[in-house]
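Enquirer: mmCIF, N, CA and C atoms, saved as protein_31.cif, coming up:
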```cif
data_protein
loop_
_atom_site.label_atom_id
_atom_site.label_comp_id
_atom_site.auth_asym_id
_atom_site.auth_seq_id
_atom_site.Cartn_x
_atom_site.Cartn_y
_atom_site.Cartn_z
N MET A 11 0.82 -1.19 0.00
CA MET A 11 0.00 0.00 0.00
C MET A 11 0.87 1.26 0.00
N VAL A 12 1.93 1.26 0.82
CA VAL A 12 2.81 2.43 0.86
C VAL A 12 3.48 2.63 -0.49
N LYS A 13 3.94 1.55 -1.10
CA LYS A 13 4.58 1.66 -2.42
C LYS A 13 3.60 2.25 -3.43
N LEU A 14 2.36 1.83 -3.37
CA LEU A 14 1.35 2.36 -4.27
C LEU A 14 1.17 3.86 -4.04
N CYS A 15 1.08 4.27 -2.77
CA CYS A 15 0.92 5.69 -2.45
C CYS A 15 2.13 6.51 -2.89
N GLU A 16 3.32 5.97 -2.69
CA GLU A 16 4.52 6.70 -3.06
C GLU A 16 4.61 6.89 -4.56
N GLY A 17 4.08 5.97 -5.32
CA GLY A 17 4.14 6.07 -6.76
C GLY A 17 3.12 7.02 -7.36
N LEU A 18 2.13 7.39 -6.58
CA LEU A 18 1.09 8.27 -7.07
C LEU A 18 1.43 9.72 -6.77
N ASN A 19 1.07 10.60 -7.64
CA ASN A 19 1.28 12.02 -7.45
C ASN A 19 0.01 12.60 -6.83
N LEU A 20 -0.13 12.42 -5.52
CA LEU A 20 -1.33 12.87 -4.81
C LEU A 20 -1.07 14.24 -4.22
N GLN A 21 -1.55 15.27 -4.87
CA GLN A 21 -1.23 16.63 -4.45
C GLN A 21 -2.40 17.36 -3.80
N SER A 22 -3.60 16.87 -3.90
CA SER A 22 -4.70 17.61 -3.32
C SER A 22 -5.80 16.65 -2.88
N GLY A 23 -6.71 17.19 -2.12
CA GLY A 23 -7.88 16.44 -1.74
C GLY A 23 -7.62 15.38 -0.70
N ASN A 24 -8.60 14.54 -0.53
CA ASN A 24 -8.56 13.52 0.51
C ASN A 24 -7.48 12.48 0.30
N LEU A 25 -7.12 12.20 -0.96
CA LEU A 25 -6.11 11.16 -1.20
C LEU A 25 -4.75 11.57 -0.66
N ALA A 26 -4.38 12.83 -0.79
CA ALA A 26 -3.09 13.30 -0.27
C ALA A 26 -3.09 13.21 1.25
N GLU A 27 -4.21 13.55 1.85
CA GLU A 27 -4.31 13.46 3.31
C GLU A 27 -4.28 12.01 3.77
N GLU A 28 -4.96 11.15 3.03
CA GLU A 28 -4.96 9.71 3.37
C GLU A 28 -3.55 9.13 3.29
N LYS A 29 -2.81 9.53 2.27
CA LYS A 29 -1.43 9.07 2.11
C LYS A 29 -0.60 9.49 3.33
N ALA A 30 -0.71 10.75 3.72
CA ALA A 30 0.06 11.25 4.86
C ALA A 30 -0.33 10.51 6.14
N MET A 31 -1.62 10.31 6.32
CA MET A 31 -2.09 9.62 7.53
C MET A 31 -1.65 8.16 7.54
N LEU A 32 -1.63 7.53 6.37
CA LEU A 32 -1.15 6.15 6.27
C LEU A 32 0.32 6.07 6.68
N LEU A 33 1.13 6.96 6.16
CA LEU A 33 2.56 6.97 6.50
C LEU A 33 2.76 7.25 7.99
N GLU A 34 1.95 8.15 8.54
CA GLU A 34 2.02 8.41 9.98
C GLU A 34 1.65 7.16 10.77
N GLY A 35 0.59 6.50 10.36
CA GLY A 35 0.16 5.28 11.04
C GLY A 35 1.20 4.18 10.98
N LEU A 36 1.99 4.16 9.92
CA LEU A 36 3.06 3.17 9.77
C LEU A 36 4.34 3.62 10.48
N GLU A 37 4.26 4.79 11.13
CA GLU A 37 5.39 5.38 11.87
C GLU A 37 6.59 5.65 10.98
N ASP A 38 6.33 5.98 9.73
CA ASP A 38 7.38 6.41 8.82
C ASP A 38 7.39 7.94 8.88
N TRP A 39 7.99 8.44 9.97
CA TRP A 39 7.88 9.84 10.35
C TRP A 39 8.39 10.80 9.28
N ASP A 40 9.52 10.50 8.67
CA ASP A 40 10.09 11.42 7.69
C ASP A 40 9.22 11.51 6.43
N LYS A 41 8.74 10.38 5.96
CA LYS A 41 7.87 10.40 4.77
C LYS A 41 6.52 11.03 5.11
N ALA A 42 6.03 10.79 6.31
CA ALA A 42 4.78 11.42 6.73
C ALA A 42 4.96 12.94 6.79
N GLN A 43 6.09 13.38 7.33
CA GLN A 43 6.37 14.81 7.41
C GLN A 43 6.36 15.43 6.01
N GLN A 44 7.03 14.78 5.09
CA GLN A 44 7.08 15.28 3.71
C GLN A 44 5.68 15.33 3.10
N ALA A 45 4.90 14.28 3.33
CA ALA A 45 3.55 14.22 2.77
C ALA A 45 2.66 15.32 3.37
N TYR A 46 2.78 15.54 4.67
CA TYR A 46 1.97 16.59 5.29
C TYR A 46 2.41 17.98 4.83
N GLN A 47 3.71 18.18 4.64
CA GLN A 47 4.17 19.48 4.14
C GLN A 47 3.64 19.73 2.73
N GLU A 48 3.63 18.71 1.90
CA GLU A 48 3.06 18.83 0.56
C GLU A 48 1.56 19.14 0.64
N LEU A 49 0.88 18.50 1.57
CA LEU A 49 -0.54 18.73 1.75
C LEU A 49 -0.81 20.19 2.15
N LEU A 50 0.05 20.74 3.01
CA LEU A 50 -0.13 22.14 3.43
C LEU A 50 0.03 23.11 2.28
N SER A 51 0.80 22.74 1.27
CA SER A 51 0.97 23.65 0.14
C SER A 51 -0.34 23.84 -0.63
N SER A 52 -1.20 22.84 -0.62
CA SER A 52 -2.49 22.97 -1.30
C SER A 52 -3.63 23.25 -0.32
N ASP A 53 -3.41 22.98 0.95
CA ASP A 53 -4.45 23.18 1.97
C ASP A 53 -3.77 23.71 3.24
N PRO A 54 -3.44 25.01 3.28
CA PRO A 54 -2.64 25.57 4.37
C PRO A 54 -3.26 25.45 5.76
N GLY A 55 -4.54 25.21 5.86
CA GLY A 55 -5.17 25.09 7.16
C GLY A 55 -5.53 23.66 7.52
N ASN A 56 -4.93 22.70 6.87
CA ASN A 56 -5.30 21.30 7.10
C ASN A 56 -5.04 20.89 8.55
N TYR A 57 -6.09 20.47 9.22
CA TYR A 57 -6.04 20.11 10.64
C TYR A 57 -4.96 19.07 10.94
N HIS A 58 -5.02 17.94 10.23
CA HIS A 58 -4.10 16.84 10.53
C HIS A 58 -2.65 17.20 10.22
N ALA A 59 -2.44 17.93 9.13
CA ALA A 59 -1.07 18.31 8.77
C ALA A 59 -0.47 19.23 9.82
N LEU A 60 -1.22 20.26 10.22
CA LEU A 60 -0.70 21.19 11.22
C LEU A 60 -0.47 20.49 12.55
N LEU A 61 -1.37 19.62 12.94
CA LEU A 61 -1.23 18.90 14.21
C LEU A 61 0.00 18.00 14.18
N PHE A 62 0.15 17.21 13.12
CA PHE A 62 1.31 16.32 13.02
C PHE A 62 2.60 17.11 13.02
N LEU A 63 2.67 18.17 12.20
CA LEU A 63 3.92 18.91 12.04
C LEU A 63 4.31 19.65 13.31
N MET A 64 3.35 20.16 14.07
CA MET A 64 3.74 20.81 15.32
C MET A 64 4.22 19.79 16.34
N LYS A 65 3.58 18.62 16.41
CA LYS A 65 4.02 17.59 17.35
C LYS A 65 5.40 17.05 16.97
N LYS A 66 5.60 16.79 15.69
CA LYS A 66 6.89 16.27 15.25
C LYS A 66 8.00 17.30 15.47
N SER A 67 7.71 18.56 15.22
CA SER A 67 8.70 19.60 15.45
C SER A 67 9.12 19.66 16.91
N ASN A 68 8.16 19.52 17.83
CA ASN A 68 8.51 19.48 19.25
C ASN A 68 9.35 18.25 19.58
N ARG A 69 8.97 17.10 19.04
CA ARG A 69 9.74 15.87 19.30
C ARG A 69 11.17 16.01 18.81
N ASP A 70 11.32 16.71 17.68
CA ASP A 70 12.66 16.89 17.09
C ASP A 70 13.40 18.09 17.69
N LYS A 71 12.78 18.73 18.70
CA LYS A 71 13.36 19.90 19.36
C LYS A 71 13.54 21.08 18.41
N GLU A 72 12.69 21.14 17.40
CA GLU A 72 12.65 22.28 16.47
C GLU A 72 11.52 23.20 16.93
N TYR A 73 11.79 23.86 18.04
CA TYR A 73 10.74 24.59 18.74
C TYR A 73 10.19 25.77 17.95
N ASP A 74 11.05 26.46 17.20
CA ASP A 74 10.54 27.58 16.40
C ASP A 74 9.52 27.09 15.37
N LYS A 75 9.80 25.94 14.78
CA LYS A 75 8.84 25.37 13.83
C LYS A 75 7.56 24.95 14.54
N ALA A 76 7.71 24.36 15.73
CA ALA A 76 6.53 23.94 16.49
C ALA A 76 5.63 25.13 16.78
N VAL A 77 6.23 26.25 17.17
CA VAL A 77 5.45 27.46 17.46
C VAL A 77 4.77 27.96 16.19
N LYS A 78 5.49 27.92 15.07
CA LYS A 78 4.91 28.37 13.80
C LYS A 78 3.68 27.54 13.45
N TYR A 79 3.80 26.22 13.56
CA TYR A 79 2.67 25.35 13.23
C TYR A 79 1.54 25.51 14.25
N ALA A 80 1.89 25.69 15.53
CA ALA A 80 0.86 25.89 16.56
C ALA A 80 0.10 27.18 16.30
N ASP A 81 0.80 28.25 15.93
CA ASP A 81 0.13 29.51 15.63
C ASP A 81 -0.81 29.37 14.43
N ALA A 82 -0.36 28.68 13.40
CA ALA A 82 -1.20 28.45 12.23
C ALA A 82 -2.42 27.61 12.61
N PHE A 83 -2.19 26.61 13.44
CA PHE A 83 -3.28 25.75 13.91
C PHE A 83 -4.31 26.59 14.66
N LEU A 84 -3.83 27.45 15.58
CA LEU A 84 -4.74 28.26 16.39
C LEU A 84 -5.50 29.29 15.56
N GLN A 85 -4.91 29.75 14.48
CA GLN A 85 -5.63 30.67 13.60
C GLN A 85 -6.84 29.98 12.97
N ASN A 86 -6.66 28.71 12.65
CA ASN A 86 -7.73 27.96 11.99
C ASN A 86 -8.67 27.27 12.97
N TYR A 87 -8.16 26.89 14.12
CA TYR A 87 -8.94 26.12 15.10
C TYR A 87 -8.70 26.72 16.48
N PRO A 88 -9.23 27.92 16.75
CA PRO A 88 -8.88 28.66 17.96
C PRO A 88 -9.33 28.01 19.27
N ASN A 89 -10.26 27.11 19.23
CA ASN A 89 -10.76 26.49 20.45
C ASN A 89 -10.33 25.04 20.61
N ASP A 90 -9.33 24.63 19.85
CA ASP A 90 -8.88 23.24 19.88
C ASP A 90 -7.62 23.16 20.75
N GLY A 91 -7.66 22.35 21.77
CA GLY A 91 -6.61 22.31 22.78
C GLY A 91 -5.23 21.84 22.39
N PRO A 92 -5.04 20.91 21.44
CA PRO A 92 -3.71 20.37 21.18
C PRO A 92 -2.64 21.43 20.89
N ALA A 93 -3.01 22.48 20.20
CA ALA A 93 -2.02 23.50 19.85
C ALA A 93 -1.52 24.22 21.09
N PHE A 94 -2.40 24.47 22.05
CA PHE A 94 -1.96 25.13 23.28
C PHE A 94 -0.95 24.26 24.02
N LEU A 95 -1.22 22.97 24.07
CA LEU A 95 -0.30 22.04 24.73
C LEU A 95 1.04 22.00 24.01
N GLU A 96 1.02 21.84 22.71
CA GLU A 96 2.27 21.77 21.95
C GLU A 96 3.05 23.08 22.03
N LYS A 97 2.35 24.19 21.97
CA LYS A 97 3.02 25.50 22.03
C LYS A 97 3.67 25.68 23.40
N SER A 98 3.04 25.16 24.45
CA SER A 98 3.60 25.31 25.80
C SER A 98 4.86 24.48 25.99
N LYS A 99 5.09 23.49 25.15
CA LYS A 99 6.29 22.66 25.25
C LYS A 99 7.54 23.39 24.75
N ALA A 100 7.35 24.39 23.92
CA ALA A 100 8.49 25.14 23.37
C ALA A 100 9.07 26.01 24.49
N PRO A 101 10.40 26.06 24.59
CA PRO A 101 11.01 26.90 25.62
C PRO A 101 10.65 28.37 25.41
N ARG A 102 10.66 29.12 26.48
CA ARG A 102 10.43 30.55 26.35
C ARG A 102 11.44 31.15 25.41
N GLY A 103 10.98 32.08 24.60
CA GLY A 103 11.87 32.74 23.66
C GLY A 103 11.82 32.14 22.28
N ALA A 104 11.20 30.97 22.13
CA ALA A 104 11.06 30.40 20.79
C ALA A 104 10.09 31.27 20.00
N GLU A 105 10.49 31.67 18.85
CA GLU A 105 9.69 32.58 18.04
C GLU A 105 9.19 31.88 16.79
N PRO A 106 8.00 32.30 16.33
CA PRO A 106 7.52 31.76 15.05
C PRO A 106 8.51 32.08 13.92
N LEU A 107 8.65 31.16 13.00
CA LEU A 107 9.52 31.41 11.83
C LEU A 107 8.75 32.22 10.82
N GLY A 108 9.46 33.14 10.16
CA GLY A 108 8.91 33.92 9.05
C GLY A 108 7.62 34.51 9.36
#
```
Could I get this structure in the form of structure tokens?
Expert:
Amino acid sequence: MVKLCEGLNLQSGNLAEEKAMLLEGLEDWDKAQQAYQELLSSDPGNYHALLFLMKKSNRDKEYDKAVKYADAFLQNYPNDGPAFLEKSKAPRGAEPLG
């Protein structure tokens, strides 16, 4: 299934999101990250992409990126708790990128 997804040029819609979620479910973190970043290029407010990317950025200690994704998440989903939690994990002084 992963090979099939990798061979397809899924750039928009539910199929691109499904591909990213499949890779995440298989714990292929780097490929999932790439798939979610591609998904954000066509859907900048995608819930699952922003959530995954902010969590992964925190895990990788890329706190500025985590804050950037958390801020984008909160712009789109202001009453959803995960972004507040992830943003609080970033050390003080971490600034949003760009």
Enquirer: Please evaluate the PyMOL selection byres (((chain A and resi 78-92 and name CA) around 7) and name CA) against the structure above and give the resulting residues as a PyMOL selection string.
Expert: chain A and resi 55+60+63-64+74-77+93-97+106-107
Enquirer: Would you compute the distance between atom CA of A:Ala59 and atom CA of A:Lys71? Give it in Å to one decimal.
Expert: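 Going from atom CA of A:Ala59 over to atom CA of A:Lys71, I get 18.0 Å.
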Enquirer: Determine the nearest neighbour of A:Tyr46 from the options A:Glu72, A:Leu61, A:Pro101, A:Ala30, counting all atoms listed in the file.
Expert: A:Ala30
Enquirer: Atom C of A:Ala100 to atom CA of A:Gln44: how many Å, to one decimal?
Expert: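 Straight-line distance from atom C of A:Ala100 to atom CA of A:Gln44 works out to 23.5 Å.
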Enquirer: Which residue gives the smallest distance to A:Ala42 among A:Tyr57, A:Ser98, A:Lys66, A:Leu25, with only C-alpha atoms counted?
Expert: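 Closest to A:Ala42 of all the choices is A:Lys66.
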Enquirer: Please indicate the distance in Å from atom CA of A:Ala45 to atom CA of A:Asn24, rounded to one decimal place.
Expert: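 Interatomic distance, atom CA of A:Ala45 to atom CA of A:Asn24: 12.3 Å.
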Enquirer: From a DSSP calculation on the backbone, collect every residue of stretch 69-100 of chain A in alpha helix (DSSP H) and output the set as JSON, numbers by chain.
Expert: {"A": [69, 73, 74, 75, 76, 77, 78, 79, 80, 81, 82, 83, 84, 85, 86, 91, 92, 93, 94, 95, 96, 97, 98, 99]}
Enquirer: Around stretch 83-99 of chain A, fit a box with edges along x, y and z, padding it by 8 Å on each side, then list its centre and edge lengths in Å to one decimal as AutoDock Vina command-line options.
Expert:
```
--center_x -1.6 --center_y 25.5 --center_z 19.0 --size_x 34.3 --size_y 26.3 --size_z 30.0
```
Enquirer: Please export stretch 30-94 of chain A as a PDB file, in the first residue's frame, restricted to C-alpha atoms.
Expert:
```pdb
ATOM      1  CA  ALA A  30       0.063  11.250   4.858  1.00  0.00           C
ATOM      2  CA  MET A  31      -2.087   9.621   7.526  1.00  0.00           C
ATOM      3  CA  LEU A  32      -1.150   6.151   6.272  1.00  0.00           C
ATOM      4  CA  LEU A  33       2.556   6.968   6.501  1.00  0.00           C
ATOM      5  CA  GLU A  34       2.021   8.413   9.978  1.00  0.00           C
ATOM      6  CA  GLY A  35       0.157   5.277  11.036  1.00  0.00           C
ATOM      7  CA  LEU A  36       3.059   3.174   9.774  1.00  0.00           C
ATOM      8  CA  GLU A  37       5.386   5.380  11.868  1.00  0.00           C
ATOM      9  CA  ASP A  38       7.380   6.414   8.817  1.00  0.00           C
ATOM     10  CA  TRP A  39       7.879   9.843  10.348  1.00  0.00           C
ATOM     11  CA  ASP A  40      10.094  11.420   7.689  1.00  0.00           C
ATOM     12  CA  LYS A  41       7.867  10.403   4.775  1.00  0.00           C
ATOM     13  CA  ALA A  42       4.777  11.421   6.734  1.00  0.00           C
ATOM     14  CA  GLN A  43       6.368  14.810   7.405  1.00  0.00           C
ATOM     15  CA  GLN A  44       7.084  15.284   3.711  1.00  0.00           C
ATOM     16  CA  ALA A  45       3.547  14.223   2.769  1.00  0.00           C
ATOM     17  CA  TYR A  46       1.974  16.592   5.293  1.00  0.00           C
ATOM     18  CA  GLN A  47       4.175  19.480   4.136  1.00  0.00           C
ATOM     19  CA  GLU A  48       3.062  18.834   0.559  1.00  0.00           C
ATOM     20  CA  LEU A  49      -0.541  18.729   1.750  1.00  0.00           C
ATOM     21  CA  LEU A  50      -0.132  22.137   3.426  1.00  0.00           C
ATOM     22  CA  SER A  51       0.972  23.652   0.137  1.00  0.00           C
ATOM     23  CA  SER A  52      -2.487  22.969  -1.300  1.00  0.00           C
ATOM     24  CA  ASP A  53      -4.445  23.179   1.968  1.00  0.00           C
ATOM     25  CA  PRO A  54      -2.642  25.574   4.373  1.00  0.00           C
ATOM     26  CA  GLY A  55      -5.165  25.087   7.161  1.00  0.00           C
ATOM     27  CA  ASN A  56      -5.300  21.299   7.098  1.00  0.00           C
ATOM     28  CA  TYR A  57      -6.038  20.112  10.639  1.00  0.00           C
ATOM     29  CA  HIS A  58      -4.102  16.843  10.534  1.00  0.00           C
ATOM     30  CA  ALA A  59      -1.074  18.315   8.771  1.00  0.00           C
ATOM     31  CA  LEU A  60      -0.700  21.191  11.223  1.00  0.00           C
ATOM     32  CA  LEU A  61      -1.232  18.897  14.206  1.00  0.00           C
ATOM     33  CA  PHE A  62       1.307  16.316  13.020  1.00  0.00           C
ATOM     34  CA  LEU A  63       3.920  18.914  12.041  1.00  0.00           C
ATOM     35  CA  MET A  64       3.743  20.812  15.322  1.00  0.00           C
ATOM     36  CA  LYS A  65       4.023  17.586  17.350  1.00  0.00           C
ATOM     37  CA  LYS A  66       6.891  16.267  15.247  1.00  0.00           C
ATOM     38  CA  SER A  67       8.704  19.605  15.446  1.00  0.00           C
ATOM     39  CA  ASN A  68       8.508  19.478  19.248  1.00  0.00           C
ATOM     40  CA  ARG A  69       9.740  15.870  19.301  1.00  0.00           C
ATOM     41  CA  ASP A  70      12.659  16.894  17.094  1.00  0.00           C
ATOM     42  CA  LYS A  71      13.361  19.901  19.364  1.00  0.00           C
ATOM     43  CA  GLU A  72      12.653  22.277  16.468  1.00  0.00           C
ATOM     44  CA  TYR A  73      10.735  24.589  18.740  1.00  0.00           C
ATOM     45  CA  ASP A  74      10.544  27.577  16.397  1.00  0.00           C
ATOM     46  CA  LYS A  75       8.837  25.366  13.831  1.00  0.00           C
ATOM     47  CA  ALA A  76       6.528  23.940  16.489  1.00  0.00           C
ATOM     48  CA  VAL A  77       5.450  27.460  17.461  1.00  0.00           C
ATOM     49  CA  LYS A  78       4.912  28.368  13.797  1.00  0.00           C
ATOM     50  CA  TYR A  79       2.669  25.350  13.233  1.00  0.00           C
ATOM     51  CA  ALA A  80       0.865  25.888  16.559  1.00  0.00           C
ATOM     52  CA  ASP A  81       0.131  29.511  15.630  1.00  0.00           C
ATOM     53  CA  ALA A  82      -1.204  28.454  12.229  1.00  0.00           C
ATOM     54  CA  PHE A  83      -3.277  25.751  13.906  1.00  0.00           C
ATOM     55  CA  LEU A  84      -4.739  28.256  16.391  1.00  0.00           C
ATOM     56  CA  GLN A  85      -5.630  30.669  13.597  1.00  0.00           C
ATOM     57  CA  ASN A  86      -7.726  27.961  11.991  1.00  0.00           C
ATOM     58  CA  TYR A  87      -8.937  26.116  15.098  1.00  0.00           C
ATOM     59  CA  PRO A  88      -8.883  28.658  17.958  1.00  0.00           C
ATOM     60  CA  ASN A  89     -10.761  26.494  20.454  1.00  0.00           C
ATOM     61  CA  ASP A  90      -8.875  23.241  19.883  1.00  0.00           C
ATOM     62  CA  GLY A  91      -6.613  22.310  22.779  1.00  0.00           C
ATOM     63  CA  PRO A  92      -3.709  20.370  21.184  1.00  0.00           C
ATOM     64  CA  ALA A  93      -2.022  23.500  19.851  1.00  0.00           C
ATOM     65  CA  PHE A  94      -1.964  25.128  23.281  1.00  0.00           C
TER      66      PHE A  94
END
```
